[in-house]
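Read the structure below first, then the notes.
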Amino acid sequence: MANRSNFIPKFTEKTQLEAVNKNDFNLPVYFGDALATKPEELNKQKKIRRFPFKDADIAKIPLLTEPPPNSQVFIDLTDDVESIQNAYLLLRITHKEKAFYIKTKRSKNTVAACRKIAIWQPRDRGGKGSRPPSGYMTTVDARKEFQKLYDQLSTQTTESRQIGSMTIKEYITYQYAKDRENYNLKSGKRKKLKPETIKQITQGFPLWIDRKLKDVEKGWVEEFIAYWDSLIVTDPETKRPILDPKTGNALSTNSSETRRKKYTIINAMFNMCAQRGYIHSNPIEGEIGRFPRSKFKSKVEYKYEYDVIIKHLFQSEDVNGSLAGKIIIASMILCGARNSEIFRNYTSSFNLEARTLFIPEHISKNGAERTLLIENDTYWEFIELYLTHTHFKNAYGHMFPSTKKEGHVTEAVYRPVWKTLKSVINQDGRLYDVRHTFARRVEREFGISKAAEILGDSIETAHNHYVKGNDDEKFEVMKAVQSKASNNTPKLNTTPHNADVLSEQKIVIANEEFMPSEVVRLLNMFKNGKIFPASGQMYEEQWRHFVSLISNNHQRSNMGEDVDDWLMMQ
């Protein structure tokens with residue numbers, strides 16, 4: 001049996017090669033050739049970018065130094081063995097990884113494309129000879145995958161050109177759903193196309209819906225912005241534009257958050273088109289920064305007691321409005337659900353026996369399907385009353401069917417209820433602040449991860465919108481951490497287990513150095529109010545809980561390929 005190569009690292013180890021600046025990258029030197037002494041020879045030596053790919057040689061190549069924020073630096077090396085006419089097997093070197101790509105040129109037989117195959121990883125792992133995990137490949141396997149992808153790109157050429165000549169409307173009507181069902185998104189995940197997405201593209205981009213896919217260009221983003229700016233809010237009486245008090249400009253019907261969502265949807269569509277070879281590349285990619293997330297964070301937290309407010313809502317003659325409207329608002333108060341997750345819901349989702357409310361994926365803002373428990377006698381008493389005496393069935397099975405049109409009711413059904421209930425609460429705020437109130441109560445008692453899970457939000461969104469700073473609580477946490485060596489360490493309510501139980505568990509390494517930035521940010525949120533054995537360490541149960549939270553958050557709102565890779569290593 002052949003001896004293990006010194007150049008092939010174990011899977012659990014980082015190759016001990018010092019990262020180099022892109023300008024200093026010199027391939028021949030890494031393979032044992034002497035560094036050229038004359039400037040012209042050195043420049044010629046640095047331009048060498050081809051060699052026969054071998055795992056042992058790839059192991060000798062260093063990564064690049066980390067580039068400045070919001071920039072990307074890489075070097076593409078070409079395989080002398082596998083590259084064929086109009087198609088090349090590349091090894092892309094970045095500051096994070098060495099990854100295989102297939103790059104093809106547009107010709108009669110192929111479409112132009114550059115697609116990632118996998119991250120390089122040698123087969124030998126700890127001397128056991130096992131294959132790399134999913135997402136990683138040896139050179140041999142990468143060459144096989146290269147041939148498969150080349151065949152796909154060659155056979156789809158005629159079809160791709162035909163689809164590229166489709167209008168956006170034709171594509172989303174006849175082809176987009178098939179592509180989403182059979183091929184991964186750019187994030188590496190496969191998600192079926194929702195009917196709502198087709199509707200959002202049609203309604204959000206009416207001036208572009210009849211344009212051809214192949215005609216997309218970067219200038220479209222400017223056209224989107226100009227169009228959205230033209231959609232302004234007007235006073236219903238004077239018909240004059242309503243001005244933003246901060247900027248003095250006319251308010252647009254499309255907020256920055258709305259524009260961000262619309263851009264994301266159509267950008268994902270063009271990413272799929274580029275991946276399938278219908279267009280050369282996606283020219284509108286990378287413009288998400290022009291549509292920043294809303295920085296609004298409500299400071300309102302209502303002071304009501306749940307039993308008191310629910311009884312008043314249903315039993316007081318001072319509260320106007322229909323029983324349906326009262327149930328919708330009561331549901332929002334008791335479980336923090338969004339208004340649309342209630343009034344668009346179905347009769348079958350309200351389980352009187354189990355006392356649960358089910359939120360289906362397709363009516364949730366983030367596709368966050370979940371089941372919520374509501375322990376309130378008054379609430380279920382009036383649910384039963386509503387179903388017995390008021391509710392009628394429609395063709396869709398809606399809990400709150402409309403009497404004026406097909407489908408469910410709208411926001412108008414609960415406005416009279418909220419108008420009179422708000423005066424009883426006697427605090428300035430919006431209806432949506434009942435969700436904020438519920439979220440903050442959960443966050444303080446059980447932590448941000450539970451709040452996000454119940455609300456159907458990502459941890460980041462929940463933290464940004466619902467965490468309300470409190471110096472007393474913050475100082476208590478700091479005091480506990482700083483005095484943890486003492487026998488008098490305070491036991492914090494936010495700690496999932498007491499220190500004695502935790503100390504009996506195994507300790508695992510939680511090294512932030514090798515975590516993606518998104519994971520590090522969520523880790524810092526996760527740490528709040530918890531006791532850890534030491535810096536860079538966690539108890540085993542805490543680590544399993546944290547990895548589970550990252551996995552769930554990644555499924556709800558894609559966090560990128562780096563997080564995909566990180567999760568595969570856990």
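The chains in the structure tokens are called A, B, ... from first to last as shown; in each chain the residues are counted from 1, and the ligands are counted from 1 in the order shown.
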
Item to check | Contacts of stretch 371-388 of chain A at 9 Å (only C-alpha atoms; same-chain gap of 6+ positions) as a PyMOL selection string | outcome: chain A and resi 306-307+310-311+314+323-324+327+330-331+334-335+347+349-350+352+354-360+399+454

Item to check | Pick from A:Asp318, A:Asp24, A:Asp457, A:Glu341 nearest to A:Glu411, counting only C-alpha atoms | outcome: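 For A:Glu411, the nearest of the given residues is A:Glu341.
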
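The two atoms in question, atom CA of A:Pro236 and atom CA of A:Asn339, are spaced 24.4 Å apart.
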
Checklist entry - Rounded to one decimal in Å, what is the spacing between atom CA of A:Thr420 and atom CA of A:Val319? => result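 Separation of atom CA of A:Thr420 and atom CA of A:Val319: 5.3 Å.
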
Near A:Ser322, within 9 Å and counting only C-alpha atoms, which residues show up once chain neighbours fewer than 5 positions away are dropped, as a compact mmCIF listing (two decimals) with N, CA, C and O atoms, in the first residue's frame?
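Result written to out-v6.txt:
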# COMPACT_ATOMS: atom_id res chain seq x y z
N ILE A 327 -61.68 38.23 16.56
CA ILE A 327 -60.86 37.01 16.61
C ILE A 327 -59.49 37.24 15.96
O ILE A 327 -58.46 36.77 16.45
N VAL A 413 -61.90 44.38 7.85
CA VAL A 413 -62.81 43.70 8.77
C VAL A 413 -62.46 43.96 10.24
O VAL A 413 -63.32 43.89 11.11
N TYR A 414 -61.19 44.26 10.53
CA TYR A 414 -60.82 44.45 11.94
C TYR A 414 -60.49 45.90 12.31
O TYR A 414 -60.18 46.20 13.45
N PRO A 416 -62.49 48.64 12.64
CA PRO A 416 -63.35 49.20 13.69
C PRO A 416 -63.04 48.63 15.07
O PRO A 416 -63.16 49.34 16.08
N VAL A 417 -62.64 47.37 15.11
CA VAL A 417 -62.30 46.74 16.39
C VAL A 417 -61.08 47.40 16.99
O VAL A 417 -61.07 47.80 18.17

Checklist entry - If we count only C-alpha atoms, what is near A:Gly367 at a cut-off of 9 Å, once residues fewer than 5 positions away on the same chain are taken out, given as a list in words? => result Pro360, Glu361, His362, Gly456 and Arg556 of chain A

Checklist entry - Neighbours of A:Ile117 within 8 Å (only C-alpha atoms; same-chain residues fewer than 6 positions away dropped), as a ChimeraX atom specification? => result /A:99-102,142,145-146

Export of prior selection with all heavy atoms as a PDB file, in the first residue's frame:
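To be explicit, this is the file written out as selection12.pdb:
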ATOM      1  N   ALA A  99     -11.649  25.925  -5.293  1.00  0.00           N
ATOM      2  CA  ALA A  99     -12.867  25.298  -5.804  1.00  0.00           C
ATOM      3  C   ALA A  99     -12.777  25.063  -7.313  1.00  0.00           C
ATOM      4  O   ALA A  99     -12.170  25.850  -8.047  1.00  0.00           O
ATOM      5  CB  ALA A  99     -14.085  26.167  -5.486  1.00  0.00           C
ATOM      6  N   PHE A 100     -13.395  23.966  -7.750  1.00  0.00           N
ATOM      7  CA  PHE A 100     -13.427  23.629  -9.176  1.00  0.00           C
ATOM      8  C   PHE A 100     -14.616  24.315  -9.857  1.00  0.00           C
ATOM      9  O   PHE A 100     -15.716  24.375  -9.301  1.00  0.00           O
ATOM     10  CB  PHE A 100     -13.562  22.112  -9.362  1.00  0.00           C
ATOM     11  CG  PHE A 100     -12.385  21.323  -8.884  1.00  0.00           C
ATOM     12  CD1 PHE A 100     -12.476  20.519  -7.750  1.00  0.00           C
ATOM     13  CD2 PHE A 100     -11.181  21.374  -9.566  1.00  0.00           C
ATOM     14  CE1 PHE A 100     -11.391  19.775  -7.306  1.00  0.00           C
ATOM     15  CE2 PHE A 100     -10.082  20.635  -9.132  1.00  0.00           C
ATOM     16  CZ  PHE A 100     -10.189  19.844  -7.989  1.00  0.00           C
ATOM     17  N   TYR A 101     -14.398  24.803 -11.072  1.00  0.00           N
ATOM     18  CA  TYR A 101     -15.444  25.420 -11.888  1.00  0.00           C
ATOM     19  C   TYR A 101     -15.364  24.884 -13.310  1.00  0.00           C
ATOM     20  O   TYR A 101     -14.297  24.458 -13.763  1.00  0.00           O
ATOM     21  CB  TYR A 101     -15.270  26.943 -11.954  1.00  0.00           C
ATOM     22  CG  TYR A 101     -15.720  27.703 -10.734  1.00  0.00           C
ATOM     23  CD1 TYR A 101     -14.954  27.705  -9.573  1.00  0.00           C
ATOM     24  CD2 TYR A 101     -16.910  28.429 -10.739  1.00  0.00           C
ATOM     25  CE1 TYR A 101     -15.354  28.404  -8.449  1.00  0.00           C
ATOM     26  CE2 TYR A 101     -17.324  29.139  -9.617  1.00  0.00           C
ATOM     27  CZ  TYR A 101     -16.547  29.121  -8.471  1.00  0.00           C
ATOM     28  OH  TYR A 101     -16.956  29.821  -7.355  1.00  0.00           O
ATOM     29  N   ILE A 102     -16.486  24.908 -14.006  1.00  0.00           N
ATOM     30  CA  ILE A 102     -16.482  24.678 -15.444  1.00  0.00           C
ATOM     31  C   ILE A 102     -16.779  26.015 -16.110  1.00  0.00           C
ATOM     32  O   ILE A 102     -17.715  26.712 -15.739  1.00  0.00           O
ATOM     33  CB  ILE A 102     -17.517  23.613 -15.884  1.00  0.00           C
ATOM     34  CG1 ILE A 102     -17.472  23.470 -17.405  1.00  0.00           C
ATOM     35  CG2 ILE A 102     -18.906  23.930 -15.383  1.00  0.00           C
ATOM     36  CD1 ILE A 102     -18.344  22.337 -17.941  1.00  0.00           C
ATOM     37  N   ALA A 142     -13.922  15.665  -9.831  1.00  0.00           N
ATOM     38  CA  ALA A 142     -14.235  16.940 -10.479  1.00  0.00           C
ATOM     39  C   ALA A 142     -14.166  16.812 -12.000  1.00  0.00           C
ATOM     40  O   ALA A 142     -14.973  17.416 -12.717  1.00  0.00           O
ATOM     41  CB  ALA A 142     -13.277  18.029  -9.992  1.00  0.00           C
ATOM     42  N   GLU A 145     -17.350  15.135 -13.156  1.00  0.00           N
ATOM     43  CA  GLU A 145     -18.469  16.066 -13.101  1.00  0.00           C
ATOM     44  C   GLU A 145     -18.359  17.105 -14.206  1.00  0.00           C
ATOM     45  O   GLU A 145     -19.374  17.549 -14.761  1.00  0.00           O
ATOM     46  CB  GLU A 145     -18.503  16.753 -11.734  1.00  0.00           C
ATOM     47  CG  GLU A 145     -19.745  17.590 -11.462  1.00  0.00           C
ATOM     48  CD  GLU A 145     -21.021  16.764 -11.421  1.00  0.00           C
ATOM     49  OE1 GLU A 145     -20.935  15.532 -11.182  1.00  0.00           O
ATOM     50  OE2 GLU A 145     -22.107  17.349 -11.641  1.00  0.00           O
ATOM     51  N   PHE A 146     -17.121  17.507 -14.522  1.00  0.00           N
ATOM     52  CA  PHE A 146     -16.879  18.450 -15.626  1.00  0.00           C
ATOM     53  C   PHE A 146     -17.454  17.905 -16.928  1.00  0.00           C
ATOM     54  O   PHE A 146     -18.129  18.626 -17.679  1.00  0.00           O
ATOM     55  CB  PHE A 146     -15.370  18.690 -15.749  1.00  0.00           C
ATOM     56  CG  PHE A 146     -14.953  19.457 -16.977  1.00  0.00           C
ATOM     57  CD1 PHE A 146     -14.981  20.843 -16.990  1.00  0.00           C
ATOM     58  CD2 PHE A 146     -14.550  18.789 -18.121  1.00  0.00           C
ATOM     59  CE1 PHE A 146     -14.606  21.552 -18.127  1.00  0.00           C
ATOM     60  CE2 PHE A 146     -14.172  19.485 -19.267  1.00  0.00           C
ATOM     61  CZ  PHE A 146     -14.202  20.866 -19.264  1.00  0.00           C
TER      62      PHE A 146
END

Hey, which bits of stretch 22-76 of chain A sit within 12 Å of stretch 87-92 of chain A, and for each residue what's the closest pair of atoms and how far apart in Å (one decimal), counting only C-alpha atoms, rows by chain and increasing number, as a Markdown table?
| residue | atom | partner | partner_atom | distance |
| --- | --- | --- | --- | --- |
| A:Arg49 | CA | A:Leu91 | CA | 9.8 |
| A:Arg50 | CA | A:Leu90 | CA | 9.2 |
| A:Phe51 | CA | A:Leu91 | CA | 10.3 |
| A:Pro52 | CA | A:Leu89 | CA | 10.5 |
| A:Phe53 | CA | A:Leu91 | CA | 8.5 |
| A:Lys54 | CA | A:Leu91 | CA | 11.0 |
| A:Asp55 | CA | A:Leu91 | CA | 11.4 |
| A:Asp57 | CA | A:Leu91 | CA | 11.8 |
| A:Ile58 | CA | A:Leu91 | CA | 8.9 |
| A:Ala59 | CA | A:Leu91 | CA | 11.9 |
| A:Ile61 | CA | A:Leu91 | CA | 10.6 |
| A:Pro62 | CA | A:Arg92 | CA | 11.6 |
| A:Leu63 | CA | A:Arg92 | CA | 9.9 |
| A:Leu64 | CA | A:Arg92 | CA | 10.6 |
| A:Val73 | CA | A:Arg92 | CA | 10.1 |
| A:Phe74 | CA | A:Arg92 | CA | 6.5 |
| A:Ile75 | CA | A:Arg92 | CA | 5.6 |
| A:Asp76 | CA | A:Arg92 | CA | 4.5 |

Item to check | Residues within 12 Å of A:Gly204, only C-alpha atoms, excluding chain neighbours under 3 positions, as a list of chain:residue names | outcome: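 The contact residues come out as A:Glu196, A:Thr197, A:Ile198, A:Lys199, A:Gln200, A:Ile201, A:Leu207, A:Trp208, A:Ile209, A:Phe224, A:Ile225, A:Tyr227, A:Trp228, A:Leu231, A:Thr253, A:Asn254, A:Thr258, A:Arg259, A:Arg260, A:Lys261, A:Lys262, A:Tyr263, A:Thr264, A:Ile265, A:Ile266.
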
Generate the output file for the selected residues, N, CA, C and O atoms, as an mmCIF file, in the first residue's frame.
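The result, stored in result.cif:
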data_model
loop_
_atom_site.group_PDB
_atom_site.id
_atom_site.type_symbol
_atom_site.label_atom_id
_atom_site.label_comp_id
_atom_site.auth_asym_id
_atom_site.auth_seq_id
_atom_site.Cartn_x
_atom_site.Cartn_y
_atom_site.Cartn_z
ATOM 1 N N GLU A 196 -47.638 32.795 -5.865
ATOM 2 C CA GLU A 196 -47.547 34.197 -5.451
ATOM 3 C C GLU A 196 -46.357 34.893 -6.101
ATOM 4 O O GLU A 196 -46.403 36.093 -6.384
ATOM 5 N N THR A 197 -45.282 34.132 -6.351
ATOM 6 C CA THR A 197 -44.088 34.727 -6.959
ATOM 7 C C THR A 197 -44.378 35.182 -8.389
ATOM 8 O O THR A 197 -43.944 36.266 -8.809
ATOM 9 N N ILE A 198 -45.106 34.363 -9.141
ATOM 10 C CA ILE A 198 -45.481 34.750 -10.509
ATOM 11 C C ILE A 198 -46.335 36.016 -10.472
ATOM 12 O O ILE A 198 -46.142 36.941 -11.274
ATOM 13 N N LYS A 199 -47.248 36.065 -9.534
ATOM 14 C CA LYS A 199 -48.125 37.234 -9.398
ATOM 15 C C LYS A 199 -47.313 38.478 -9.031
ATOM 16 O O LYS A 199 -47.549 39.578 -9.560
ATOM 17 N N GLN A 200 -46.331 38.303 -8.140
ATOM 18 C CA GLN A 200 -45.503 39.439 -7.720
ATOM 19 C C GLN A 200 -44.652 39.973 -8.862
ATOM 20 O O GLN A 200 -44.469 41.192 -8.986
ATOM 21 N N ILE A 201 -44.122 39.093 -9.691
ATOM 22 C CA ILE A 201 -43.332 39.547 -10.843
ATOM 23 C C ILE A 201 -44.230 40.275 -11.839
ATOM 24 O O ILE A 201 -43.873 41.340 -12.366
ATOM 25 N N LEU A 207 -43.985 47.124 -16.742
ATOM 26 C CA LEU A 207 -43.365 47.724 -17.920
ATOM 27 C C LEU A 207 -42.306 46.829 -18.558
ATOM 28 O O LEU A 207 -41.830 47.120 -19.652
ATOM 29 N N TRP A 208 -41.951 45.754 -17.862
ATOM 30 C CA TRP A 208 -40.883 44.871 -18.354
ATOM 31 C C TRP A 208 -41.390 43.475 -18.689
ATOM 32 O O TRP A 208 -40.664 42.688 -19.260
ATOM 33 N N ILE A 209 -42.609 43.162 -18.348
ATOM 34 C CA ILE A 209 -43.126 41.807 -18.446
ATOM 35 C C ILE A 209 -43.147 41.290 -19.886
ATOM 36 O O ILE A 209 -43.068 40.082 -20.130
ATOM 37 N N PHE A 224 -36.166 50.479 -12.896
ATOM 38 C CA PHE A 224 -37.010 50.039 -11.777
ATOM 39 C C PHE A 224 -37.194 51.178 -10.780
ATOM 40 O O PHE A 224 -38.306 51.477 -10.340
ATOM 41 N N ILE A 225 -36.069 51.792 -10.404
ATOM 42 C CA ILE A 225 -36.095 52.846 -9.389
ATOM 43 C C ILE A 225 -36.938 54.031 -9.856
ATOM 44 O O ILE A 225 -37.744 54.581 -9.100
ATOM 45 N N TYR A 227 -39.350 54.027 -11.987
ATOM 46 C CA TYR A 227 -40.758 53.628 -12.011
ATOM 47 C C TYR A 227 -41.340 53.646 -10.605
ATOM 48 O O TYR A 227 -42.431 54.181 -10.376
ATOM 49 N N TRP A 228 -40.625 53.080 -9.646
ATOM 50 C CA TRP A 228 -41.122 53.040 -8.264
ATOM 51 C C TRP A 228 -41.220 54.446 -7.669
ATOM 52 O O TRP A 228 -42.111 54.730 -6.875
ATOM 53 N N LEU A 231 -44.520 56.186 -8.436
ATOM 54 C CA LEU A 231 -45.732 55.705 -7.759
ATOM 55 C C LEU A 231 -45.813 56.369 -6.390
ATOM 56 O O LEU A 231 -45.218 55.899 -5.426
ATOM 57 N N THR A 253 -45.307 54.697 -2.944
ATOM 58 C CA THR A 253 -46.099 53.560 -2.470
ATOM 59 C C THR A 253 -45.218 52.332 -2.253
ATOM 60 O O THR A 253 -45.645 51.364 -1.636
ATOM 61 N N ASN A 254 -43.983 52.389 -2.763
ATOM 62 C CA ASN A 254 -43.038 51.289 -2.618
ATOM 63 C C ASN A 254 -41.916 51.693 -1.672
ATOM 64 O O ASN A 254 -41.035 52.479 -2.038
ATOM 65 N N THR A 258 -40.025 47.085 0.341
ATOM 66 C CA THR A 258 -40.821 46.534 -0.758
ATOM 67 C C THR A 258 -39.986 46.438 -2.032
ATOM 68 O O THR A 258 -40.043 45.442 -2.763
ATOM 69 N N ARG A 259 -39.218 47.492 -2.308
ATOM 70 C CA ARG A 259 -38.357 47.477 -3.495
ATOM 71 C C ARG A 259 -37.309 46.366 -3.387
ATOM 72 O O ARG A 259 -36.995 45.697 -4.376
ATOM 73 N N ARG A 260 -36.771 46.182 -2.201
ATOM 74 C CA ARG A 260 -35.772 45.140 -1.976
ATOM 75 C C ARG A 260 -36.358 43.762 -2.282
ATOM 76 O O ARG A 260 -35.724 42.926 -2.928
ATOM 77 N N LYS A 261 -37.586 43.544 -1.823
ATOM 78 C CA LYS A 261 -38.244 42.256 -2.042
ATOM 79 C C LYS A 261 -38.504 42.031 -3.531
ATOM 80 O O LYS A 261 -38.264 40.936 -4.056
ATOM 81 N N LYS A 262 -38.994 43.061 -4.228
ATOM 82 C CA LYS A 262 -39.268 42.926 -5.657
ATOM 83 C C LYS A 262 -37.983 42.665 -6.438
ATOM 84 O O LYS A 262 -37.945 41.802 -7.339
ATOM 85 N N TYR A 263 -36.931 43.411 -6.106
ATOM 86 C CA TYR A 263 -35.652 43.210 -6.790
ATOM 87 C C TYR A 263 -35.139 41.785 -6.559
ATOM 88 O O TYR A 263 -34.660 41.126 -7.492
ATOM 89 N N THR A 264 -35.240 41.303 -5.322
ATOM 90 C CA THR A 264 -34.749 39.964 -4.986
ATOM 91 C C THR A 264 -35.458 38.902 -5.808
ATOM 92 O O THR A 264 -34.827 37.945 -6.290
ATOM 93 N N ILE A 265 -36.762 39.069 -5.990
ATOM 94 C CA ILE A 265 -37.550 38.071 -6.725
ATOM 95 C C ILE A 265 -37.139 38.005 -8.193
ATOM 96 O O ILE A 265 -36.932 36.928 -8.755
ATOM 97 N N ILE A 266 -37.023 39.174 -8.838
ATOM 98 C CA ILE A 266 -36.686 39.149 -10.268
ATOM 99 C C ILE A 266 -35.203 38.839 -10.483
ATOM 100 O O ILE A 266 -34.816 38.227 -11.483
#

Checklist entry - atom CA of A:Lys192 and atom CA of A:Glu369 are how many Å apart? => result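 Between these atoms lies a distance of 15.3 Å.
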
Item to check | Residue among A:Asn271, A:Asn351, A:Glu453, A:Leu431 lying closest to A:Lys186, counting only C-alpha atoms | outcome: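 With only C-alpha atoms as the atom set, the closest residue is A:Asn271.
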
Next on the checklist: Based on the backbone DSSP call, show me all residues of stretch 106-353 of chain A assigned helix (DSSP H, G or I), as number ranges by chain.
Outcome noted: A: 139-155, 157-164, 168-174, 176-182, 195-204, 213-215, 220-230, 256-276, 288-290, 306-315, 323-335, 339-343, 347-349

Could you write out, as a short mmCIF file (atom, residue, chain, number, x, y, z; two decimals) with N, CA, C and O atoms, in the first residue's frame, all the residues of stretch 321-431 of chain A that DSSP marks as strand (DSSP E)?
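Written out: result37.cif:
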data_model
loop_
_atom_site.label_atom_id
_atom_site.label_comp_id
_atom_site.auth_asym_id
_atom_site.auth_seq_id
_atom_site.Cartn_x
_atom_site.Cartn_y
_atom_site.Cartn_z
N PHE A 350 -57.61 26.04 12.80
CA PHE A 350 -57.99 26.34 14.18
C PHE A 350 -58.47 25.05 14.85
O PHE A 350 -59.57 24.56 14.59
N ASN A 351 -57.63 24.47 15.69
CA ASN A 351 -57.91 23.19 16.33
C ASN A 351 -58.43 23.43 17.75
O ASN A 351 -57.64 23.71 18.67
N THR A 356 -54.71 24.84 19.26
CA THR A 356 -53.57 25.29 18.46
C THR A 356 -54.05 26.01 17.21
O THR A 356 -55.15 25.79 16.72
N LEU A 357 -53.18 26.87 16.71
CA LEU A 357 -53.40 27.59 15.46
C LEU A 357 -52.26 27.24 14.52
O LEU A 357 -51.08 27.44 14.85
N PHE A 358 -52.58 26.74 13.35
CA PHE A 358 -51.57 26.36 12.36
C PHE A 358 -51.39 27.47 11.33
O PHE A 358 -52.37 28.00 10.80
N ILE A 359 -50.15 27.84 11.07
CA ILE A 359 -49.83 28.85 10.04
C ILE A 359 -49.24 28.12 8.84
O ILE A 359 -48.09 27.66 8.89
N ARG A 370 -45.71 26.87 10.87
CA ARG A 370 -45.56 26.61 12.30
C ARG A 370 -46.92 26.39 12.95
O ARG A 370 -47.94 26.81 12.43
N THR A 371 -46.91 25.74 14.09
CA THR A 371 -48.11 25.51 14.88
C THR A 371 -47.95 26.22 16.21
O THR A 371 -46.93 26.06 16.89
N LEU A 372 -48.94 27.02 16.60
CA LEU A 372 -48.85 27.86 17.80
C LEU A 372 -49.94 27.46 18.80
O LEU A 372 -51.08 27.20 18.42
N LEU A 373 -49.55 27.41 20.06
CA LEU A 373 -50.48 27.07 21.12
C LEU A 373 -51.10 28.34 21.69
O LEU A 373 -50.40 29.32 21.94
#

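Taking only C-alpha atoms into account, A:Leu153 lies nearest to A:Ala274 out of the set A:Glu223, A:Pro132, A:Leu243, A:Ala274.
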
Next on the checklist: Residues within 7 Å of A:Met137, please, as a list in words. Count only C-alpha atoms; anything in the same chain fewer than 4 positions from it doesn't count.
Outcome noted: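 Residues meeting the cut-off are Ala118, Ile119, Trp120, Gln121, Pro132, Asp141 and Ala142 of chain A.
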
How about saving the chosen residues, all heavy atoms kept, as a CSV table (one decimal), in the first residue's frame?
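And here is the file that came out, result_4.csv:
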chain,number,residue,atom,x,y,z
A,118,ALA,N,-17.5,22.1,-7.3
A,118,ALA,CA,-17.3,21.7,-5.9
A,118,ALA,C,-16.1,22.3,-5.3
A,118,ALA,O,-15.2,22.8,-6.0
A,118,ALA,CB,-17.3,20.2,-5.7
A,119,ILE,N,-15.9,22.3,-4.0
A,119,ILE,CA,-14.7,22.7,-3.3
A,119,ILE,C,-13.7,21.6,-3.3
A,119,ILE,O,-14.1,20.4,-3.1
A,119,ILE,CB,-15.0,23.2,-1.9
A,119,ILE,CG1,-16.0,24.3,-1.8
A,119,ILE,CG2,-13.7,23.5,-1.1
A,119,ILE,CD1,-16.4,24.7,-0.5
A,120,TRP,N,-12.5,21.9,-3.6
A,120,TRP,CA,-11.5,20.8,-3.7
A,120,TRP,C,-11.2,20.2,-2.3
A,120,TRP,O,-11.1,21.0,-1.3
A,120,TRP,CB,-10.1,21.3,-4.2
A,120,TRP,CG,-9.0,20.3,-4.0
A,120,TRP,CD1,-8.8,19.2,-4.8
A,120,TRP,CD2,-8.0,20.4,-3.0
A,120,TRP,NE1,-7.7,18.6,-4.3
A,120,TRP,CE2,-7.2,19.2,-3.2
A,120,TRP,CE3,-7.7,21.2,-1.9
A,120,TRP,CZ2,-6.1,18.9,-2.4
A,120,TRP,CZ3,-6.7,20.9,-1.1
A,120,TRP,CH2,-5.8,19.8,-1.3
A,121,GLN,N,-11.1,18.9,-2.2
A,121,GLN,CA,-10.8,18.2,-1.0
A,121,GLN,C,-10.2,16.8,-1.4
A,121,GLN,O,-10.9,16.1,-2.1
A,121,GLN,CB,-12.0,18.0,-0.1
A,121,GLN,CG,-11.7,17.2,1.2
A,121,GLN,CD,-10.7,17.8,2.1
A,121,GLN,OE1,-10.8,19.0,2.4
A,121,GLN,NE2,-9.7,17.1,2.5
A,132,PRO,N,-14.7,12.7,0.2
A,132,PRO,CA,-15.1,14.0,0.8
A,132,PRO,C,-16.6,14.0,0.9
A,132,PRO,O,-17.3,13.4,0.2
A,132,PRO,CB,-14.5,15.0,-0.2
A,132,PRO,CG,-13.5,14.3,-1.0
A,132,PRO,CD,-13.9,12.9,-1.1
A,141,ASP,N,-12.9,13.2,-9.3
A,141,ASP,CA,-14.3,13.3,-9.3
A,141,ASP,C,-14.7,14.6,-10.0
A,141,ASP,O,-15.8,14.7,-10.7
A,141,ASP,CB,-14.9,13.3,-7.9
A,141,ASP,CG,-14.8,11.9,-7.3
A,141,ASP,OD1,-14.7,10.9,-8.1
A,141,ASP,OD2,-14.7,11.8,-6.0
A,142,ALA,N,-13.9,15.7,-9.8
A,142,ALA,CA,-14.2,16.9,-10.5
A,142,ALA,C,-14.2,16.8,-12.0
A,142,ALA,O,-15.0,17.4,-12.7
A,142,ALA,CB,-13.3,18.0,-10.0

Checklist entry - So which one's closest to A:Thr461, A:Asn511, A:Thr104, A:Ser256, A:Asn553? Using only C-alpha atoms, please. => result A:Asn553

Checklist entry - Nearest to A:Pro67 among A:Val519, A:Val20, A:Ile242, A:Leu149, with distances taken over only C-alpha atoms: which residue is it? => result A:Val20
